[in-house]
>>> print(open('work_2.cif').read())   # mmCIF, C-alpha atoms
data_query
loop_
_atom_site.label_atom_id
_atom_site.label_comp_id
_atom_site.auth_asym_id
_atom_site.auth_seq_id
_atom_site.Cartn_x
_atom_site.Cartn_y
_atom_site.Cartn_z
CA MET A 1 -1.61 -26.65 2.63
CA SER A 2 -2.37 -23.14 1.55
CA ARG A 3 0.25 -21.61 -0.67
CA HIS A 4 0.61 -19.29 -3.60
CA THR A 5 2.45 -20.07 -6.81
CA PRO A 6 6.09 -18.86 -6.72
CA LEU A 7 5.60 -15.67 -8.76
CA VAL A 8 2.50 -14.64 -6.80
CA GLN A 9 4.26 -15.33 -3.48
CA GLN A 10 7.29 -13.35 -4.67
CA LEU A 11 5.04 -10.40 -5.55
CA ILE A 12 3.27 -10.55 -2.15
CA ASP A 13 6.62 -10.66 -0.32
CA ALA A 14 7.96 -7.77 -2.39
CA LEU A 15 4.85 -5.63 -1.71
CA ARG A 16 5.41 -6.00 2.04
CA ILE A 17 8.42 -3.68 1.94
CA LEU A 18 5.96 -0.81 1.42
CA PRO A 19 5.25 1.04 4.69
CA GLY A 20 1.94 0.04 6.28
CA VAL A 21 1.47 -3.04 4.10
CA GLY A 22 1.03 -6.33 6.00
CA PRO A 23 0.49 -9.85 4.63
CA LYS A 24 -3.27 -9.39 4.14
CA SER A 25 -3.06 -6.10 2.25
CA ALA A 26 -0.12 -7.36 0.20
CA GLN A 27 -2.24 -10.34 -0.94
CA ARG A 28 -5.16 -8.02 -1.65
CA MET A 29 -2.92 -5.74 -3.72
CA ALA A 30 -1.40 -8.63 -5.68
CA PHE A 31 -4.79 -10.19 -6.49
CA SER A 32 -6.31 -6.83 -7.36
CA LEU A 33 -3.55 -6.17 -9.92
CA LEU A 34 -3.67 -9.72 -11.32
CA GLU A 35 -7.47 -9.67 -11.61
CA ARG A 36 -8.18 -6.21 -12.83
CA ASN A 37 -5.17 -4.10 -13.69
CA ARG A 38 -2.19 -5.90 -15.20
CA GLU A 39 -1.43 -2.88 -17.37
CA GLY A 40 -1.24 -0.71 -14.24
CA GLY A 41 0.93 -3.32 -12.53
CA LEU A 42 3.40 -3.24 -15.39
CA GLN A 43 3.43 0.57 -15.31
CA LEU A 44 4.08 0.51 -11.56
CA GLY A 45 6.94 -1.96 -12.12
CA ALA A 46 8.50 0.32 -14.74
CA ALA A 47 7.97 3.45 -12.59
CA LEU A 48 9.68 1.74 -9.64
CA SER A 49 12.70 0.69 -11.70
CA ALA A 50 13.03 4.14 -13.26
CA ALA A 51 12.72 6.00 -9.94
CA MET A 52 15.01 3.67 -7.95
CA ASN A 53 17.72 3.86 -10.62
CA LYS A 54 17.51 7.48 -11.69
CA VAL A 55 16.31 9.65 -8.79
CA GLY A 56 19.30 11.14 -6.97
CA HIS A 57 19.77 14.15 -4.72
CA CYS A 58 19.98 17.85 -5.52
CA GLN A 59 23.66 18.82 -5.24
CA GLN A 60 22.75 21.93 -3.28
CA CYS A 61 19.79 21.08 -1.02
CA ARG A 62 19.86 17.25 -1.05
CA THR A 63 16.15 16.82 -1.89
CA PHE A 64 15.13 14.04 -4.30
CA CYS A 65 15.77 15.10 -7.85
CA GLU A 66 16.86 13.48 -11.11
CA THR A 67 18.86 16.50 -12.31
CA ALA A 68 21.94 18.11 -10.75
CA LEU A 69 19.92 20.87 -9.07
CA CYS A 70 16.23 20.81 -8.09
CA HIS A 71 13.63 23.27 -9.41
CA ILE A 72 13.73 25.33 -6.19
CA CYS A 73 17.54 25.69 -6.12
CA THR A 74 17.54 26.78 -9.78
CA ASP A 75 14.79 29.39 -9.21
CA PRO A 76 16.52 32.76 -8.55
CA SER A 77 13.33 34.19 -6.94
CA ARG A 78 13.67 31.69 -4.09
CA ALA A 79 17.10 33.09 -3.19
CA LEU A 80 15.98 36.73 -2.86
CA ASP A 81 15.45 36.73 0.92
CA GLY A 82 18.54 34.62 1.63
CA ILE A 83 16.54 32.30 3.89
CA ILE A 84 17.20 28.56 4.09
CA CYS A 85 14.73 26.23 5.81
CA VAL A 86 16.26 23.01 7.19
CA VAL A 87 13.92 19.96 7.15
CA GLY A 88 14.41 16.31 8.00
CA SER A 89 12.91 14.74 4.89
CA ALA A 90 11.56 15.45 1.43
CA ALA A 91 8.06 14.73 2.79
CA ASP A 92 8.50 17.53 5.38
CA GLN A 93 9.68 19.85 2.60
CA MET A 94 6.60 18.93 0.56
CA ALA A 95 4.31 19.68 3.54
CA ILE A 96 5.85 23.16 3.93
CA GLU A 97 5.71 23.82 0.17
CA GLN A 98 2.01 22.96 0.21
CA THR A 99 1.30 25.80 2.64
CA GLY A 100 2.60 28.19 -0.03
CA GLN A 101 3.89 30.48 2.74
CA PHE A 102 7.63 29.91 2.54
CA LYS A 103 9.41 31.55 -0.38
CA GLY A 104 13.05 30.72 0.42
CA ARG A 105 15.23 27.69 -0.22
CA TYR A 106 15.52 24.41 1.63
CA PHE A 107 18.15 22.10 2.97
CA VAL A 108 16.91 18.50 3.28
CA LEU A 109 18.86 16.48 5.87
CA GLN A 110 17.37 13.13 4.75
CA GLY A 111 17.53 11.93 8.37
CA TYR A 112 18.61 13.10 11.83
CA LEU A 113 21.78 12.77 13.88
CA SER A 114 21.69 9.41 15.60
CA PRO A 115 25.08 8.23 16.93
CA LEU A 116 23.58 4.85 17.97
CA ASP A 117 22.58 4.16 14.34
CA GLY A 118 25.92 5.50 13.13
CA ILE A 119 24.35 8.58 11.51
CA GLY A 120 26.76 11.49 11.92
CA PRO A 121 27.01 15.06 10.52
CA GLN A 122 28.60 13.80 7.28
CA ASP A 123 25.61 11.56 6.53
CA LEU A 124 23.25 14.54 6.76
CA GLY A 125 25.44 16.67 4.48
CA LEU A 126 26.16 19.17 7.26
CA ASP A 127 29.55 19.93 5.67
CA LYS A 128 27.62 21.01 2.59
CA LEU A 129 25.30 23.12 4.79
CA ALA A 130 28.35 24.75 6.40
CA GLY A 131 29.54 25.59 2.89
CA LEU A 132 26.19 27.26 2.14
CA LEU A 133 26.37 29.25 5.39
CA SER A 134 29.80 30.62 4.57
CA ALA A 135 28.66 31.70 1.09
CA GLU A 136 27.32 35.21 0.37
CA GLY A 137 23.65 36.00 0.57
CA VAL A 138 22.44 33.71 3.36
CA ASN A 139 20.73 35.90 5.97
CA GLU A 140 18.72 33.44 8.05
CA LEU A 141 18.36 29.74 8.65
CA ILE A 142 15.00 28.40 9.86
CA LEU A 143 15.07 25.08 11.70
CA ALA A 144 11.99 22.98 10.87
CA THR A 145 13.25 19.67 12.26
CA ASN A 146 10.91 17.19 13.95
CA PRO A 147 10.09 17.96 17.61
CA THR A 148 11.72 14.66 18.69
CA VAL A 149 14.91 13.82 20.58
CA GLU A 150 16.85 13.26 17.33
CA GLY A 151 15.28 16.30 15.67
CA ASP A 152 16.17 18.50 18.67
CA ALA A 153 19.75 17.19 18.84
CA THR A 154 20.19 17.87 15.13
CA ALA A 155 18.67 21.36 15.53
CA PHE A 156 21.15 22.20 18.33
CA TYR A 157 24.07 20.98 16.23
CA ILE A 158 23.00 23.11 13.25
CA ALA A 159 22.35 26.15 15.48
CA GLU A 160 25.98 25.89 16.67
CA LEU A 161 27.08 25.82 13.03
CA CYS A 162 25.08 29.01 12.39
CA HIS A 163 26.60 30.79 15.40
CA LYS A 164 30.07 29.88 14.10
CA HIS A 165 29.26 31.34 10.68
CA GLN A 166 27.40 34.30 12.23
CA VAL A 167 24.15 33.51 10.44
CA LYS A 168 20.85 34.32 12.19
CA VAL A 169 19.06 31.12 13.19
CA SER A 170 15.42 30.59 14.22
CA ARG A 171 13.13 27.68 14.87
CA ILE A 172 9.47 27.17 13.88
CA ALA A 173 7.08 27.74 16.79
CA GLN A 174 5.99 24.91 19.06
CA GLY A 175 2.50 25.17 20.56
CA ILE A 176 -1.04 23.90 20.30
CA PRO A 177 -2.06 22.72 16.81
CA VAL A 178 -4.94 24.57 15.11
CA GLY A 179 -8.25 22.72 15.47
CA GLY A 180 -6.98 20.63 18.39
CA GLU A 181 -8.70 20.48 21.76
CA LEU A 182 -6.73 21.88 24.67
CA GLU A 183 -7.90 19.03 26.91
CA PHE A 184 -6.06 16.46 24.80
CA VAL A 185 -2.82 18.38 24.20
CA ASP A 186 0.14 16.83 26.06
CA GLY A 187 1.88 18.68 28.91
CA THR A 188 5.15 19.43 27.12
CA THR A 189 3.33 21.00 24.19
CA LEU A 190 1.20 23.08 26.60
CA SER A 191 4.37 24.28 28.38
CA HIS A 192 5.86 25.28 25.03
CA ALA A 193 2.60 27.03 24.14
CA PHE A 194 2.71 29.05 27.39
CA SER A 195 6.38 29.99 27.22
CA GLY A 196 5.94 30.98 23.55
CA ARG A 197 2.81 33.11 24.14
CA LYS A 198 2.33 36.26 22.07
CA ALA A 199 0.68 39.63 22.68
CA PHE A 200 -2.95 39.47 21.54
CA MET B 1 4.25 25.72 -6.21
CA SER B 2 4.71 22.34 -4.63
CA ARG B 3 5.57 19.61 -7.07
CA HIS B 4 7.63 16.49 -7.35
CA THR B 5 10.21 15.77 -10.04
CA PRO B 6 8.73 13.84 -13.01
CA LEU B 7 10.02 10.37 -12.02
CA VAL B 8 8.92 10.76 -8.39
CA GLN B 9 5.49 12.02 -9.49
CA GLN B 10 5.19 9.11 -11.93
CA LEU B 11 6.01 6.64 -9.13
CA ILE B 12 3.46 8.25 -6.78
CA ASP B 13 0.77 8.14 -9.48
CA ALA B 14 1.59 4.52 -10.29
CA LEU B 15 1.42 3.48 -6.60
CA ARG B 16 -2.13 4.86 -6.38
CA ILE B 17 -3.49 1.99 -8.46
CA LEU B 18 -2.93 -0.24 -5.41
CA PRO B 19 -6.17 -0.76 -3.45
CA GLY B 20 -6.40 1.41 -0.33
CA VAL B 21 -3.52 3.70 -1.36
CA GLY B 22 -4.38 7.41 -1.55
CA PRO B 23 -2.14 10.35 -2.46
CA LYS B 24 -0.66 10.66 1.05
CA SER B 25 0.29 7.00 1.46
CA ALA B 26 1.57 6.83 -2.12
CA GLN B 27 3.95 9.72 -1.35
CA ARG B 28 4.98 8.04 1.91
CA MET B 29 5.68 4.77 0.07
CA ALA B 30 7.69 6.48 -2.68
CA PHE B 31 9.83 8.47 -0.21
CA SER B 32 10.31 5.44 2.03
CA LEU B 33 11.69 3.40 -0.89
CA LEU B 34 13.84 6.27 -2.20
CA GLU B 35 15.25 7.04 1.25
CA ARG B 36 15.80 3.63 2.72
CA ASN B 37 15.18 0.72 0.39
CA ARG B 38 16.08 1.22 -3.26
CA GLU B 39 17.15 -2.42 -3.52
CA GLY B 40 13.70 -3.51 -2.30
CA GLY B 41 12.06 -1.08 -4.71
CA LEU B 42 13.93 -2.62 -7.63
CA GLN B 43 12.95 -6.12 -6.48
CA LEU B 44 9.31 -5.04 -6.23
CA GLY B 45 9.53 -3.62 -9.75
CA ALA B 46 10.93 -6.90 -11.08
CA ALA B 47 8.39 -9.00 -9.15
CA LEU B 48 5.54 -6.91 -10.58
CA SER B 49 6.75 -7.28 -14.16
CA ALA B 50 7.28 -11.02 -13.75
CA ALA B 51 3.88 -11.62 -12.13
CA MET B 52 1.89 -9.41 -14.51
CA ASN B 53 3.48 -11.03 -17.57
CA LYS B 54 3.68 -14.66 -16.49
CA VAL B 55 0.86 -15.45 -14.06
CA GLY B 56 -2.10 -16.92 -15.92
CA HIS B 57 -5.03 -19.10 -14.91
CA CYS B 58 -5.22 -22.81 -14.13
CA GLN B 59 -6.83 -24.47 -17.17
CA GLN B 60 -9.09 -26.51 -14.91
CA CYS B 61 -10.06 -24.34 -11.92
CA ARG B 62 -9.16 -20.82 -13.19
CA THR B 63 -7.15 -19.85 -10.10
CA PHE B 64 -3.97 -17.81 -10.58
CA CYS B 65 -1.14 -20.04 -11.65
CA GLU B 66 1.91 -19.81 -13.90
CA THR B 67 1.71 -23.43 -15.08
CA ALA B 68 -1.06 -25.14 -17.08
CA LEU B 69 -2.63 -26.68 -13.95
CA CYS B 70 -2.39 -25.47 -10.35
CA HIS B 71 -0.95 -27.54 -7.48
CA ILE B 72 -4.43 -28.45 -6.22
CA CYS B 73 -5.75 -29.64 -9.59
CA THR B 74 -2.64 -31.81 -10.10
CA ASP B 75 -2.92 -33.38 -6.62
CA PRO B 76 -4.85 -36.67 -7.01
CA SER B 77 -5.69 -36.76 -3.27
CA ARG B 78 -7.83 -33.63 -3.71
CA ALA B 79 -10.05 -35.45 -6.24
CA LEU B 80 -10.86 -38.43 -3.98
CA ASP B 81 -14.19 -37.12 -2.65
CA GLY B 82 -15.30 -35.71 -5.98
CA ILE B 83 -16.21 -32.39 -4.34
CA ILE B 84 -15.74 -29.02 -6.06
CA CYS B 85 -16.01 -25.77 -4.13
CA VAL B 86 -17.00 -22.72 -6.22
CA VAL B 87 -15.54 -19.41 -5.00
CA GLY B 88 -15.62 -15.89 -6.38
CA SER B 89 -11.91 -15.06 -6.19
CA ALA B 90 -8.46 -16.48 -5.54
CA ALA B 91 -8.48 -14.58 -2.22
CA ASP B 92 -11.65 -16.46 -1.15
CA GLN B 93 -10.00 -19.74 -2.16
CA MET B 94 -6.96 -18.81 -0.05
CA ALA B 95 -9.17 -18.04 2.96
CA ILE B 96 -10.82 -21.47 2.70
CA GLU B 97 -7.48 -23.23 2.18
CA GLN B 98 -6.18 -21.57 5.33
CA THR B 99 -8.87 -23.26 7.44
CA GLY B 100 -7.35 -26.60 6.35
CA GLN B 101 -10.85 -28.15 6.50
CA PHE B 102 -11.69 -28.54 2.84
CA LYS B 103 -9.91 -31.38 1.03
CA GLY B 104 -11.57 -31.20 -2.40
CA ARG B 105 -10.94 -29.12 -5.50
CA TYR B 106 -11.98 -25.57 -6.37
CA PHE B 107 -13.48 -23.64 -9.20
CA VAL B 108 -12.54 -19.95 -9.10
CA LEU B 109 -15.05 -17.73 -10.94
CA GLN B 110 -12.78 -14.64 -10.84
CA GLY B 111 -15.87 -12.46 -10.54
CA TYR B 112 -19.68 -12.70 -10.38
CA LEU B 113 -22.46 -12.49 -12.93
CA SER B 114 -23.25 -8.84 -13.48
CA PRO B 115 -25.23 -8.10 -16.67
CA LEU B 116 -24.94 -4.34 -16.09
CA ASP B 117 -21.13 -4.59 -16.21
CA GLY B 118 -21.34 -6.98 -19.15
CA ILE B 119 -20.09 -9.96 -17.12
CA GLY B 120 -21.90 -13.08 -18.36
CA PRO B 121 -21.51 -16.86 -17.82
CA GLN B 122 -18.72 -17.07 -20.43
CA ASP B 123 -16.57 -14.54 -18.53
CA LEU B 124 -16.76 -16.68 -15.39
CA GLY B 125 -15.83 -19.85 -17.27
CA LEU B 126 -19.21 -21.45 -16.52
CA ASP B 127 -18.97 -23.44 -19.78
CA LYS B 128 -15.78 -24.95 -18.35
CA LEU B 129 -17.60 -25.66 -15.07
CA ALA B 130 -20.42 -27.39 -17.00
CA GLY B 131 -17.73 -29.54 -18.65
CA LEU B 132 -16.40 -30.53 -15.21
CA LEU B 133 -19.92 -31.39 -14.01
CA SER B 134 -20.56 -33.73 -16.95
CA ALA B 135 -17.24 -35.53 -16.35
CA GLU B 136 -17.00 -38.67 -14.22
CA GLY B 137 -16.23 -38.48 -10.51
CA VAL B 138 -17.90 -35.21 -9.48
CA ASN B 139 -20.29 -36.00 -6.63
CA GLU B 140 -21.01 -32.65 -5.06
CA LEU B 141 -20.59 -28.96 -5.74
CA ILE B 142 -20.35 -26.58 -2.78
CA LEU B 143 -21.28 -22.95 -3.45
CA ALA B 144 -19.09 -20.57 -1.43
CA THR B 145 -19.97 -17.37 -3.30
CA ASN B 146 -20.22 -14.03 -1.51
CA PRO B 147 -23.55 -13.40 0.30
CA THR B 148 -24.24 -10.40 -1.95
CA VAL B 149 -26.77 -9.77 -4.72
CA GLU B 150 -24.24 -10.71 -7.43
CA GLY B 151 -22.97 -13.68 -5.42
CA ASP B 152 -26.51 -14.98 -4.88
CA ALA B 153 -27.47 -14.56 -8.55
CA THR B 154 -24.34 -16.44 -9.61
CA ALA B 155 -25.05 -19.17 -7.04
CA PHE B 156 -28.60 -19.66 -8.40
CA TYR B 157 -27.28 -19.86 -11.95
CA ILE B 158 -24.70 -22.50 -11.01
CA ALA B 159 -27.27 -24.44 -8.95
CA GLU B 160 -29.43 -24.69 -12.11
CA LEU B 161 -26.37 -26.01 -13.98
CA CYS B 162 -25.93 -28.69 -11.30
CA HIS B 163 -29.59 -29.74 -11.47
CA LYS B 164 -29.24 -30.11 -15.24
CA HIS B 165 -26.19 -32.34 -14.81
CA GLN B 166 -27.75 -34.13 -11.85
CA VAL B 167 -24.90 -33.22 -9.50
CA LYS B 168 -25.69 -32.63 -5.81
CA VAL B 169 -25.30 -28.96 -4.91
CA SER B 170 -25.01 -27.33 -1.49
CA ARG B 171 -24.23 -23.93 -0.12
CA ILE B 172 -22.07 -22.93 2.86
CA ALA B 173 -24.15 -21.99 5.93
CA GLN B 174 -25.24 -18.43 6.59
CA GLY B 175 -25.61 -17.41 10.22
CA ILE B 176 -23.99 -15.49 13.03
CA PRO B 177 -20.18 -15.26 12.82
CA VAL B 178 -18.17 -16.85 15.63
CA GLY B 179 -17.05 -14.27 18.20
CA GLY B 180 -19.64 -11.72 17.09
CA GLU B 181 -22.18 -10.15 19.42
CA LEU B 182 -25.80 -10.98 18.68
CA GLU B 183 -26.82 -7.40 19.43
CA PHE B 184 -24.84 -6.10 16.45
CA VAL B 185 -25.74 -8.78 13.90
CA ASP B 186 -28.00 -7.47 11.11
CA GLY B 187 -31.59 -8.67 10.76
CA THR B 188 -31.15 -10.65 7.53
CA THR B 189 -28.25 -12.62 9.02
CA LEU B 190 -30.29 -13.31 12.17
CA SER B 191 -33.20 -14.57 10.04
CA HIS B 192 -30.82 -16.90 8.18
CA ALA B 193 -29.40 -18.06 11.52
CA PHE B 194 -32.90 -18.93 12.79
CA SER B 195 -34.09 -20.68 9.65
CA GLY B 196 -30.81 -22.62 9.51
CA ARG B 197 -30.89 -23.72 13.19
CA LYS B 198 -29.57 -27.15 14.07
CA ALA B 199 -30.42 -29.74 16.76
CA PHE B 200 -28.21 -29.10 19.82
#
>>> encode(input="work_2.cif", output="structure tokens")
Amino acid sequence: MSRHTPLVQQLIDALRILPGVGPKSAQRMAFSLLERNREGGLQLGAALSAAMNKVGHCQQCRTFCETALCHICTDPSRALDGIICVVGSAADQMAIEQTGQFKGRYFVLQGYLSPLDGIGPQDLGLDKLAGLLSAEGVNELILATNPTVEGDATAFYIAELCHKHQVKVSRIAQGIPVGGELEFVDGTTLSHAFSGRKAF
Amino acid sequence: MSRHTPLVQQLIDALRILPGVGPKSAQRMAFSLLERNREGGLQLGAALSAAMNKVGHCQQCRTFCETALCHICTDPSRALDGIICVVGSAADQMAIEQTGQFKGRYFVLQGYLSPLDGIGPQDLGLDKLAGLLSAEGVNELILATNPTVEGDATAFYIAELCHKHQVKVSRIAQGIPVGGELEFVDGTTLSHAFSGRKAF
């Protein structure tokens, strides 16, 4: 009979909701905190409660944010070009921000169209996006959705929206990733790389 | 300028105290909870606070436990043989319990002797262990410490304690692990396996 005491078991079960954490790592995490870092465990507990209760969405771009508007939407310099980049998640937005290349604003879908899961245009805030497109000062919308079935479907839907509002729409390039080996790139990506070739 | 809002950043920083969680996975965990499982995040927060505040140590065997004595120490059937198994951590105890083979009691050191880190016999509760050894009904002590320098040093120290109290002391066998390939077993383990060979 191998079992944990109720509170330890409860902690291990709760840790398993974290992505990539199975029963073994959950036990390792619980014991590590109990043995060596109770102070840190308490801080993590408080940080979780605070974030879950208080982090909402930016009213304009839908990214995670605990104020009405996020720091990008309130920065006038990010609106100069009138470019909005549409991404699927806050993590995707963060990845693009880290390149330091994009100086416009974002629109974070927080998911993709998926009729089977009951996720429709309303759930992705596409009515709000349509509102942005009809406003002054939006010159271009860049689609940076995932290159998956759902991501593509969502991109097509949003492109239609742009055509209706007569806003220029583009999509980030698909091709071979830098540092990859051609031999191991899949066929679809290679096709995209060929059809999207550029003068050299 | 890529940055998170204060509460999100605080959550990501707090998640990094978990073993094996780097900046990327911490961000993934935070976004996953914020996007899809706020309820679970709140439960994890509550479970952490409860466990960190209320889980203590069994007064007899030092394993994690929120009552005075753990369920093994209060089970009279586990005292029948008078055997105590000494392990380094609650995780090691759990691994042994899961084999279902050992029916005695445990003593959980919660660490190993390490003079450089200032961890002495008192910190491992070895005075408490000496008390157990001088009590009636303890016939054998099995050392199941890690096969590392610290584990070995601690094992020798405890073996001395047993000699002093005239309690039989043994150590779990060292040899080749089941399912391993001989070719890849290190030399020290192979030597142990040879010197510990048994009639077949």
>>> resolve_selection(input="work_2.cif", expression="the PyMOL selection byres ((chain A) within 7 of (chain B))", output="VMD selection string")
chain A and resid 1 to 2 5 7 to 8 10 to 11 14 to 15 17 to 19 29 34 38 40 to 49 51 to 52 65 94 97 to 98 100
>>> atom_distance(input="work_2.cif", atom1="CA of His163 in chain B", atom2="CA of Phe107 in chain B")
17.4 Å
>>> closest_residue(input="work_2.cif", among="A:Gly196, A:Pro115, A:Gly175, A:Gly82", to="Phe102 in chain A", atoms="only C-alpha atoms")
A:Gly82
>>> residues_around(input="work_2.cif", residues="range 140-156 of chain B", least_positions_apart="6", cutoff="6 Å", atoms="all atoms listed in the file", output="list in words")
Ile83, Ile84, Cys85, Val86, Val87, Gly88, Tyr112, Leu113, Val167, Lys168, Val169, Ser170, Arg171 and Ile172 of chain B
>>> atom_distance(input="work_2.cif", atom1="CA of Ser114 in chain B", atom2="CA of Gly22 in chain B")
27.6 Å
>>> closest_residue(input="work_2.cif", among="B:Cys73, B:Leu182, B:Leu126, B:Ala173", to="Glu160 in chain B", atoms="only C-alpha atoms")
B:Leu126
>>> atom_distance(input="work_2.cif", atom1="CA of Tyr157 in chain B", atom2="CA of Ser77 in chain B")
28.8 Å
>>> resolve_selection(input="work_2.cif", expression="the PyMOL selection byres ((chain A and resi 125) around 12)", output="ChimeraX atom specification")
/A:57-63,86,88,107-113,119-124,126-132,154,158
>>> build_atoms(input="work_2.cif", residues="range 22-33 of chain A", atoms="N, CA and C atoms", output="short mmCIF file (atom, residue, chain, number, x, y, z; two decimals), in the frame of the given file")
data_model
loop_
_atom_site.label_atom_id
_atom_site.label_comp_id
_atom_site.auth_asym_id
_atom_site.auth_seq_id
_atom_site.Cartn_x
_atom_site.Cartn_y
_atom_site.Cartn_z
N GLY A 22 0.82 -5.03 5.35
CA GLY A 22 1.03 -6.33 6.00
C GLY A 22 0.70 -7.46 5.05
N PRO A 23 0.73 -8.72 5.53
CA PRO A 23 0.49 -9.85 4.63
C PRO A 23 -0.88 -9.82 3.96
N LYS A 24 -1.91 -9.41 4.71
CA LYS A 24 -3.27 -9.39 4.14
C LYS A 24 -3.41 -8.35 3.03
N SER A 25 -2.91 -7.12 3.29
CA SER A 25 -3.06 -6.10 2.25
C SER A 25 -2.17 -6.41 1.07
N ALA A 26 -1.00 -7.02 1.32
CA ALA A 26 -0.12 -7.36 0.20
C ALA A 26 -0.82 -8.36 -0.72
N GLN A 27 -1.51 -9.35 -0.12
CA GLN A 27 -2.24 -10.34 -0.94
C GLN A 27 -3.36 -9.65 -1.71
N ARG A 28 -4.06 -8.74 -1.01
CA ARG A 28 -5.16 -8.02 -1.65
C ARG A 28 -4.64 -7.20 -2.84
N MET A 29 -3.50 -6.54 -2.64
CA MET A 29 -2.92 -5.74 -3.72
C MET A 29 -2.53 -6.62 -4.91
N ALA A 30 -1.86 -7.74 -4.61
CA ALA A 30 -1.40 -8.63 -5.68
C ALA A 30 -2.59 -9.16 -6.48
N PHE A 31 -3.63 -9.64 -5.79
CA PHE A 31 -4.79 -10.19 -6.49
C PHE A 31 -5.52 -9.11 -7.26
N SER A 32 -5.61 -7.92 -6.67
CA SER A 32 -6.31 -6.83 -7.36
C SER A 32 -5.62 -6.51 -8.69
N LEU A 33 -4.27 -6.46 -8.68
CA LEU A 33 -3.55 -6.17 -9.92
C LEU A 33 -3.72 -7.32 -10.91
#
